[in-house]
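Listing of data35.txt, compact mmCIF, C-alpha atoms
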# COMPACT_ATOMS: atom_id res chain seq x y z
CA MET A 1 -4.38 22.68 -3.60
CA GLY A 2 -1.61 24.48 -5.45
CA ASP A 3 1.91 24.22 -4.08
CA ASP A 4 0.60 22.31 -1.06
CA LEU A 5 1.72 18.83 -2.18
CA LEU A 6 5.22 17.44 -2.65
CA ILE A 7 5.48 14.09 -4.47
CA TYR A 8 8.71 12.35 -3.53
CA GLY A 9 9.83 9.63 -5.95
CA SER A 10 7.68 11.19 -8.66
CA TYR A 11 9.66 9.72 -11.56
CA GLY A 12 9.33 6.01 -10.73
CA TYR A 13 6.70 3.96 -12.52
CA THR A 14 3.92 4.46 -9.97
CA GLY A 15 5.08 7.95 -8.99
CA ALA A 16 4.92 9.05 -12.62
CA LEU A 17 1.43 7.60 -13.02
CA ILE A 18 0.28 9.37 -9.86
CA THR A 19 1.88 12.63 -11.01
CA GLU A 20 0.02 12.35 -14.33
CA THR A 21 -3.29 11.71 -12.55
CA VAL A 22 -2.75 14.53 -10.04
CA THR A 23 -2.01 17.05 -12.78
CA GLU A 24 -4.95 15.86 -14.90
CA ALA A 25 -7.11 16.63 -11.86
CA GLY A 26 -5.96 20.24 -12.14
CA LEU A 27 -3.46 20.18 -9.29
CA GLU A 28 0.11 21.46 -9.40
CA PRO A 29 2.35 19.40 -7.12
CA THR A 30 6.04 19.96 -6.65
CA LEU A 31 8.06 16.96 -7.80
CA ALA A 32 11.01 15.58 -5.88
CA GLY A 33 13.51 12.76 -5.71
CA ARG A 34 17.14 11.99 -5.07
CA ARG A 35 18.22 11.84 -8.74
CA ALA A 36 18.47 15.22 -10.44
CA GLU A 37 18.21 14.22 -14.10
CA PRO A 38 14.87 12.35 -14.09
CA VAL A 39 13.09 14.72 -11.72
CA GLU A 40 14.27 17.81 -13.61
CA ARG A 41 13.20 16.29 -16.93
CA GLN A 42 9.81 15.30 -15.56
CA ALA A 43 9.21 18.72 -13.99
CA THR A 44 10.20 20.50 -17.20
CA ASP A 45 7.91 18.32 -19.30
CA ARG A 46 4.97 19.09 -17.04
CA GLY A 47 5.79 22.70 -16.20
CA LEU A 48 6.06 21.98 -12.48
CA ASP A 49 8.47 23.01 -9.73
CA HIS A 50 10.89 20.43 -8.41
CA ARG A 51 13.31 19.63 -5.60
CA VAL A 52 16.32 17.31 -5.58
CA PHE A 53 17.39 15.82 -2.24
CA SER A 54 18.25 12.50 -0.63
CA LEU A 55 16.92 11.32 2.70
CA ASP A 56 20.33 10.94 4.35
CA HIS A 57 20.34 14.19 6.35
CA PRO A 58 17.27 15.04 8.48
CA THR A 59 17.78 18.79 8.53
CA VAL A 60 18.04 18.88 4.74
CA VAL A 61 14.86 16.86 4.36
CA GLU A 62 13.02 19.13 6.79
CA SER A 63 14.17 22.23 4.94
CA HIS A 64 12.75 20.92 1.68
CA ILE A 65 9.37 19.69 2.91
CA GLY A 66 8.57 22.32 5.53
CA GLU A 67 6.80 24.67 3.10
CA PHE A 68 4.29 22.02 2.00
CA ASP A 69 1.04 20.89 3.56
CA ALA A 70 1.65 17.25 2.66
CA VAL A 71 4.26 14.87 1.28
CA LEU A 72 3.23 11.88 -0.82
CA ASN A 73 6.05 9.33 -0.74
CA CYS A 74 6.20 7.13 -3.85
CA ALA A 75 9.82 6.05 -3.40
CA GLY A 76 10.19 2.44 -2.39
CA PRO A 77 11.33 0.33 -0.78
CA PHE A 78 9.50 2.10 2.02
CA SER A 79 11.48 0.22 4.65
CA ALA A 80 14.23 2.66 3.65
CA THR A 81 12.31 5.85 2.83
CA ALA A 82 9.34 6.01 5.20
CA ASP A 83 11.15 6.55 8.51
CA PRO A 84 13.23 9.60 7.49
CA LEU A 85 10.29 11.27 5.76
CA VAL A 86 7.89 10.55 8.63
CA ALA A 87 10.38 11.98 11.13
CA ALA A 88 10.90 15.10 9.00
CA CYS A 89 7.15 15.54 8.53
CA ILE A 90 6.53 15.44 12.27
CA GLU A 91 9.30 17.97 12.90
CA SER A 92 8.08 20.32 10.16
CA GLU A 93 4.35 19.79 10.86
CA THR A 94 3.74 18.38 7.39
CA ASP A 95 1.21 15.62 6.71
CA TYR A 96 2.63 12.34 5.41
CA LEU A 97 1.20 9.94 2.83
CA ASP A 98 2.72 6.98 1.01
CA ILE A 99 1.80 4.04 -1.21
CA THR A 100 3.54 1.32 0.78
CA GLY A 101 2.34 -2.24 1.15
CA GLU A 102 5.16 -3.23 3.50
CA ILE A 103 4.18 -4.48 6.94
CA THR A 104 7.35 -3.15 8.59
CA ALA A 105 6.78 0.31 7.14
CA PHE A 106 3.17 0.39 8.35
CA GLU A 107 4.18 -0.70 11.84
CA ALA A 108 7.01 1.83 12.09
CA THR A 109 4.67 4.64 11.02
CA ALA A 110 1.95 3.51 13.43
CA GLU A 111 4.46 3.77 16.28
CA ARG A 112 4.70 7.52 15.62
CA ASP A 113 0.97 8.03 16.23
CA ARG A 114 1.33 9.91 19.50
CA ASP A 115 4.13 12.10 18.17
CA ALA A 116 2.01 12.96 15.15
CA GLU A 117 -1.00 13.83 17.29
CA LYS A 118 1.10 16.19 19.40
CA ALA A 119 2.40 17.87 16.23
CA ASP A 120 -1.10 17.93 14.65
CA VAL A 121 0.23 15.90 11.73
CA THR A 122 -1.62 13.21 9.77
CA LEU A 123 0.28 10.00 9.01
CA LEU A 124 -1.63 8.03 6.37
CA PRO A 125 0.40 5.30 4.66
CA GLY A 126 -1.00 2.89 2.10
CA VAL A 127 -3.03 5.33 0.00
CA GLY A 128 -2.81 3.10 -3.09
CA PHE A 129 -4.11 -0.31 -4.01
CA ASP A 130 -2.40 -1.73 -1.04
CA VAL A 131 -4.29 -1.13 1.16
CA VAL A 132 -7.25 1.07 0.19
CA PRO A 133 -9.66 -1.58 -1.19
CA THR A 134 -8.73 -4.34 1.24
CA ASP A 135 -8.84 -1.95 4.19
CA CYS A 136 -12.27 -0.70 3.19
CA LEU A 137 -13.49 -4.28 2.71
CA ALA A 138 -12.21 -5.23 6.16
CA ALA A 139 -13.98 -2.24 7.69
CA TYR A 140 -17.20 -3.10 5.85
CA LEU A 141 -17.16 -6.70 7.06
CA HIS A 142 -16.47 -5.50 10.60
CA THR A 143 -19.64 -3.36 10.49
CA LYS A 144 -21.59 -6.50 9.55
CA HIS A 145 -20.03 -8.70 12.26
CA SER A 146 -18.48 -6.56 14.97
CA ALA A 147 -18.02 -9.55 17.30
CA GLY A 148 -15.84 -11.44 14.82
CA ASP A 149 -12.27 -12.13 15.88
CA ARG A 150 -10.82 -13.65 12.66
CA LEU A 151 -10.35 -11.75 9.40
CA SER A 152 -9.16 -13.31 6.15
CA LEU A 153 -8.50 -11.36 2.96
CA ALA A 154 -7.55 -12.69 -0.47
CA ILE A 155 -6.44 -11.02 -3.68
CA ASP A 156 -6.49 -12.24 -7.26
CA GLY A 157 -5.43 -10.65 -10.53
CA LEU A 158 -2.00 -9.39 -9.48
CA GLY A 159 -0.52 -10.14 -12.87
CA THR A 160 1.14 -6.78 -13.58
CA PHE A 161 4.11 -5.45 -11.64
CA SER A 162 6.21 -2.31 -11.76
CA PRO A 163 9.96 -2.25 -11.00
CA GLY A 164 9.29 -0.57 -7.67
CA THR A 165 6.76 -3.18 -6.61
CA LEU A 166 9.13 -6.02 -7.39
CA LYS A 167 12.00 -4.31 -5.56
CA SER A 168 9.81 -4.00 -2.47
CA VAL A 169 9.03 -7.71 -2.73
CA ILE A 170 12.75 -8.45 -2.99
CA GLU A 171 13.45 -6.37 0.12
CA GLY A 172 11.02 -8.55 2.05
CA LEU A 173 12.37 -11.89 0.87
CA SER A 174 14.24 -12.61 4.08
CA GLU A 175 11.16 -12.05 6.23
CA GLY A 176 9.13 -15.01 4.96
CA GLY A 177 5.44 -14.93 5.79
CA ALA A 178 3.49 -13.05 8.43
CA ALA A 179 0.10 -13.19 10.10
CA ARG A 180 -1.50 -11.39 13.02
CA ILE A 181 -2.23 -13.86 15.80
CA ASP A 182 -3.97 -12.79 19.01
CA GLY A 183 -3.13 -9.16 18.25
CA ALA A 184 0.59 -9.62 17.52
CA ILE A 185 2.29 -9.92 14.14
CA GLU A 186 4.04 -13.28 13.99
CA SER A 187 6.47 -14.70 11.46
CA VAL A 188 5.14 -17.76 9.68
CA PRO A 189 6.59 -19.95 6.89
CA PRO A 190 5.90 -19.09 3.24
CA ALA A 191 2.51 -20.48 2.16
CA TRP A 192 1.81 -21.15 5.84
CA LYS A 193 -1.82 -21.91 5.04
CA VAL A 194 -3.42 -23.03 1.79
CA ARG A 195 -7.14 -22.86 1.10
CA ASP A 196 -9.60 -22.76 -1.79
CA ILE A 197 -11.27 -19.36 -2.16
CA ASP A 198 -13.90 -18.20 -4.65
CA LEU A 199 -13.12 -14.65 -5.68
CA GLY A 200 -15.89 -14.63 -8.26
CA GLY A 201 -14.62 -17.01 -10.91
CA GLY A 202 -14.83 -20.31 -9.04
CA ALA A 203 -12.62 -21.76 -6.33
CA SER A 204 -8.91 -21.02 -6.66
CA THR A 205 -5.92 -22.16 -4.61
CA ALA A 206 -4.71 -19.36 -2.34
CA VAL A 207 -1.73 -19.18 0.02
CA THR A 208 -0.93 -16.86 2.88
CA ILE A 209 1.31 -13.92 1.95
CA PRO A 210 2.63 -11.01 4.07
CA TRP A 211 0.20 -8.40 2.69
CA GLY A 212 0.07 -4.96 4.33
CA ASP A 213 -3.34 -5.62 5.88
CA VAL A 214 -1.68 -7.90 8.42
CA SER A 215 -0.68 -4.58 9.94
CA THR A 216 -3.39 -2.11 8.99
CA ALA A 217 -6.56 -4.20 9.40
CA TYR A 218 -5.90 -4.44 13.12
CA TYR A 219 -5.82 -0.65 13.50
CA THR A 220 -8.93 -0.30 11.35
CA THR A 221 -11.09 -2.99 12.94
CA GLY A 222 -9.45 -4.17 16.14
CA ILE A 223 -9.76 -7.77 14.89
CA PRO A 224 -6.86 -9.65 16.56
CA ASN A 225 -6.36 -12.46 14.02
CA VAL A 226 -5.64 -11.50 10.42
CA GLU A 227 -4.51 -13.66 7.51
CA THR A 228 -3.94 -12.42 3.96
CA TYR A 229 -3.90 -14.64 0.86
CA ALA A 230 -3.08 -14.46 -2.82
CA THR A 231 -4.26 -16.93 -5.45
CA VAL A 232 -1.52 -19.01 -7.07
CA PRO A 233 -1.34 -22.06 -9.34
CA ASN A 234 -1.45 -25.34 -7.42
CA TYR A 235 2.19 -26.13 -8.16
CA ALA A 236 3.27 -22.74 -6.79
CA ALA A 237 1.84 -23.45 -3.35
CA THR A 238 3.88 -26.66 -3.14
CA MET A 239 7.01 -24.94 -4.40
CA MET A 240 6.68 -22.11 -1.88
CA ARG A 241 6.48 -24.55 0.97
CA LYS A 242 9.43 -26.62 -0.23
CA THR A 243 11.67 -23.57 -0.74
CA GLY A 244 10.77 -22.05 2.62
CA PRO A 245 14.13 -23.01 4.20
CA LEU A 246 15.88 -20.94 1.49
CA THR A 247 14.13 -17.73 2.56
CA PRO A 248 17.04 -16.37 4.67
CA LEU A 249 19.45 -16.97 1.78
CA LEU A 250 17.19 -15.13 -0.68
CA GLY A 251 17.16 -12.16 1.66
CA THR A 252 20.93 -11.67 1.85
CA SER A 253 22.32 -8.42 0.46
CA PRO A 254 24.21 -9.92 -2.53
CA ILE A 255 21.15 -11.88 -3.62
CA ARG A 256 18.89 -8.85 -3.23
CA ARG A 257 21.26 -6.67 -5.26
CA ALA A 258 21.44 -9.27 -8.02
CA LEU A 259 17.67 -9.64 -8.18
CA LYS A 260 17.16 -5.88 -8.28
CA GLY A 261 19.64 -5.69 -11.15
CA ILE A 262 17.54 -8.20 -13.05
CA VAL A 263 14.43 -6.13 -12.37
CA ASP A 264 16.11 -2.95 -13.67
CA ALA A 265 17.19 -4.73 -16.82
CA THR A 266 13.98 -6.58 -17.62
CA VAL A 267 10.92 -4.94 -16.02
CA SER A 268 9.32 -1.69 -17.17
CA GLY A 269 5.84 -2.04 -15.75
CA PRO A 270 2.49 -2.61 -17.49
CA THR A 271 1.56 -0.47 -20.49
CA ALA A 272 -1.56 1.70 -20.59
CA ASP A 273 -3.35 -0.96 -22.66
CA GLU A 274 -2.37 -3.68 -20.21
CA ARG A 275 -3.64 -1.58 -17.32
CA ALA A 276 -6.91 -0.92 -19.14
CA ARG A 277 -7.50 -4.66 -19.58
CA SER A 278 -6.53 -5.58 -16.03
CA THR A 279 -8.97 -6.03 -13.16
CA THR A 280 -8.45 -7.27 -9.63
CA ARG A 281 -10.75 -9.31 -7.43
CA ILE A 282 -10.69 -9.20 -3.65
CA TRP A 283 -12.44 -11.42 -1.14
CA GLY A 284 -12.81 -11.12 2.60
CA GLU A 285 -14.50 -12.84 5.51
CA VAL A 286 -14.90 -12.21 9.22
CA GLU A 287 -15.62 -15.14 11.53
CA GLY A 288 -16.24 -15.59 15.22
CA ASP A 289 -18.90 -16.18 17.85
CA GLY A 290 -20.49 -18.83 15.61
CA GLU A 291 -21.09 -16.46 12.71
CA ARG A 292 -19.41 -15.68 9.40
CA VAL A 293 -19.83 -12.85 6.91
CA ALA A 294 -18.09 -12.56 3.54
CA ALA A 295 -17.96 -10.14 0.64
CA ARG A 296 -16.08 -9.50 -2.60
CA LEU A 297 -14.74 -6.43 -4.38
CA ARG A 298 -13.86 -5.96 -8.02
CA THR A 299 -11.54 -3.06 -8.87
CA PRO A 300 -9.70 -1.65 -11.89
CA ASP A 301 -6.00 -2.32 -12.44
CA THR A 302 -3.93 -1.94 -9.29
CA TYR A 303 -1.75 0.89 -10.65
CA GLU A 304 -4.61 2.84 -12.19
CA PHE A 305 -6.53 2.48 -8.96
CA THR A 306 -3.52 3.56 -6.91
CA ALA A 307 -3.19 6.73 -8.97
CA ARG A 308 -6.85 7.60 -8.44
CA THR A 309 -6.98 6.90 -4.71
CA ALA A 310 -3.65 8.59 -3.99
CA THR A 311 -4.81 11.70 -5.85
CA GLU A 312 -8.11 11.90 -4.00
CA ILE A 313 -6.57 11.23 -0.59
CA ALA A 314 -3.84 13.81 -1.18
CA ARG A 315 -6.49 16.36 -2.12
CA ARG A 316 -8.47 15.71 1.05
CA VAL A 317 -5.41 15.77 3.29
CA CYS A 318 -4.22 19.06 1.80
CA GLU A 319 -7.69 20.46 2.46
CA ASP A 320 -7.23 19.45 6.13
CA ASP A 321 -10.06 16.91 5.85
CA VAL A 322 -8.35 14.17 7.91
CA GLU A 323 -7.71 13.89 11.64
CA SER A 324 -4.15 14.01 12.95
CA GLY A 325 -2.22 10.97 14.12
CA PHE A 326 -1.79 7.61 12.42
CA GLN A 327 -4.66 6.70 10.12
CA THR A 328 -5.56 3.93 7.70
CA PRO A 329 -7.63 4.70 4.59
CA ALA A 330 -10.77 3.22 6.12
CA SER A 331 -10.27 4.82 9.54
CA ALA A 332 -9.88 8.16 7.79
CA PHE A 333 -12.69 7.89 5.22
CA GLY A 334 -14.87 4.93 6.16
CA PRO A 335 -15.65 1.59 4.49
CA GLU A 336 -17.63 3.16 1.63
CA PHE A 337 -14.68 5.23 0.40
CA VAL A 338 -13.61 2.57 -2.07
CA LEU A 339 -17.01 2.70 -3.78
CA GLU A 340 -16.51 6.35 -4.72
CA PHE A 341 -14.23 5.30 -7.60
CA ASP A 342 -15.45 4.23 -11.03
CA GLY A 343 -15.16 0.55 -11.81
CA VAL A 344 -15.43 -0.68 -8.21
CA GLU A 345 -18.16 -3.17 -7.32
CA ARG A 346 -18.91 -4.84 -3.99
CA GLU A 347 -21.14 -7.83 -3.29
CA ASP A 348 -22.03 -9.84 -0.22
CA VAL A 349 -21.44 -13.56 -0.69
CA GLY A 350 -23.33 -15.12 2.15
CA GLY A 351 -22.58 -16.08 5.70
CA ARG A 352 -23.95 -18.05 8.56

Would you mind giving the structure from this file in structure tokens?
Amino acid sequence: MGDDLLIYGSYGYTGALITETVTEAGLEPTLAGRRAEPVERQATDRGLDHRVFSLDHPTVVESHIGEFDAVLNCAGPFSATADPLVAACIESETDYLDITGEITAFEATAERDRDAEKADVTLLPGVGFDVVPTDCLAAYLHTKHSAGDRLSLAIDGLGTFSPGTLKSVIEGLSEGGAARIDGAIESVPPAWKVRDIDLGGGASTAVTIPWGDVSTAYYTTGIPNVETYATVPNYAATMMRKTGPLTPLLGTSPIRRALKGIVDATVSGPTADERARSTTRIWGEVEGDGERVAARLRTPDTYEFTARTATEIARRVCEDDVESGFQTPASAFGPEFVLEFDGVEREDVGGR
């Protein structure tokens, strides 16, 4: 892979970390974004080519990405950036990757599956922490209990956030919660369900959150009922439920702009030392037909892990190692893919 990969949004926190990891792997991507100054500075520092373009005009986007084998989109919120890049990739026969965790972005990309197949284009969103490890865990549990019709996933250790991650969260404030019920994604209140889950350090309170697997796990496993959880302090679960009626207000444009301004002014993302000390624990279970299977994963820091998985997936896609059409990480590479990365451990935790 030489000039085969374009990284769009390369100068954001996660994009910069991915760019660093990609170049350390001996690859030479072209860097891109809508702001000239940061992308030019980054490209000069790393001795790489660059492009400067917004996503407002389809023909312009197509003209910039058409020479590449793949585009890796690191520019969130993906509710705004995925659609124009996916459309341009299909038109220019360029494979598309991104690091989204947004349900709406996953669903919109999945709807282009048939168009992508006709164009012989791979659409593979979610090549970072959300959703590589959870998707692989869901696929693994499905192999152990293929008759199960209920999947639950839970995540702990999400203590470090980048500006881009928080802005994506802010974009989704008005949507409240979400779960997949009988095959359809349904809106549910914040902290719709609360349960105690042992992710490896004893039982912790966990609440339902609109994690990307509400979308992707269905395409990976076919399981029609999917709930995703995050551990929170006990008081937070109560607070989330009580403030649920305020969700539409929090999602209004003025509120979103104000919150993003706060993020820009106060959040820089975790340092290298903080990332090195951070680990994340994941739990999953599949139930149905009178049986239950469960397992846990332990992974490195979410951003470090995202950089590694995005680099490896981009390499494989550029080598034409992935089928065309819409894919999830586990549908493309199988449930064992997550175990190929240093620092990842998986354990079964019983069943019935």

**Request:** Show which residues sit within 10 Å of Thr221 in chain A, as a list in words. Count only C-alpha atoms, and ignore same-chain residues fewer than 6 positions away.
**Result:** Asp135, Ala138, Ala139, Tyr140, Leu141, His142, Thr143, Ser146, Gly148, Asp149, Leu151, Ala330 and Ser331 of chain A

**Request:** Go ahead and find all residues with at least one atom no further than 10 Å from (9.0, 21.8, 3.7) in the file's coordinates, using only C-alpha atoms; report them as a list of chain:residue names.
**Result:**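 The requested residues, written out, are A:Asp4, A:Leu5, A:Leu6, A:Val60, A:Val61, A:Glu62, A:Ser63, A:His64, A:Ile65, A:Gly66, A:Glu67, A:Phe68, A:Asp69, A:Ala70, A:Val71, A:Ala88, A:Cys89, A:Glu91, A:Ser92, A:Glu93, A:Thr94.
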
**Prompt:** Could you pull the residues within 12 Å of His50 in chain A, counting all atoms listed in the file, minus those fewer than 4 positions along the same chain, as a ChimeraX atom specification?
**Reply:** /A:3,5-11,28-46,64-65

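Reported to one decimal place, the separation of CA of Leu123 in chain A from CA of Asp95 in chain A is 6.1 Å.
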
**Request:** Considering all atoms listed in the file, return as a list in words whatever protein or nucleic-acid residues lie within 8 Å of Arg281 in chain A, sequence-local ones (same chain, fewer than 2 positions apart) excluded.
**Result:**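 Returned residues: Ile155, Asp156, Gly157, Leu199, Gly200, Thr279, Trp283, Arg296, Leu297, Arg298 and Thr299 of chain A.
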
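Distances here use all atoms listed in the file; by that measure, the residue among A:Thr231, A:Arg346, A:Gly126, A:Gly101 closest to Gly202 in chain A is A:Thr231.
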
**Item:** 10 Å contact set for Ala80 in chain A, only C-alpha atoms, chain neighbours under 5 positions out, as a list of chain:residue names
**Value:**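 Residues meeting the cut-off are A:Leu55, A:Ala75, A:Leu85, A:Ala105, A:Glu171.
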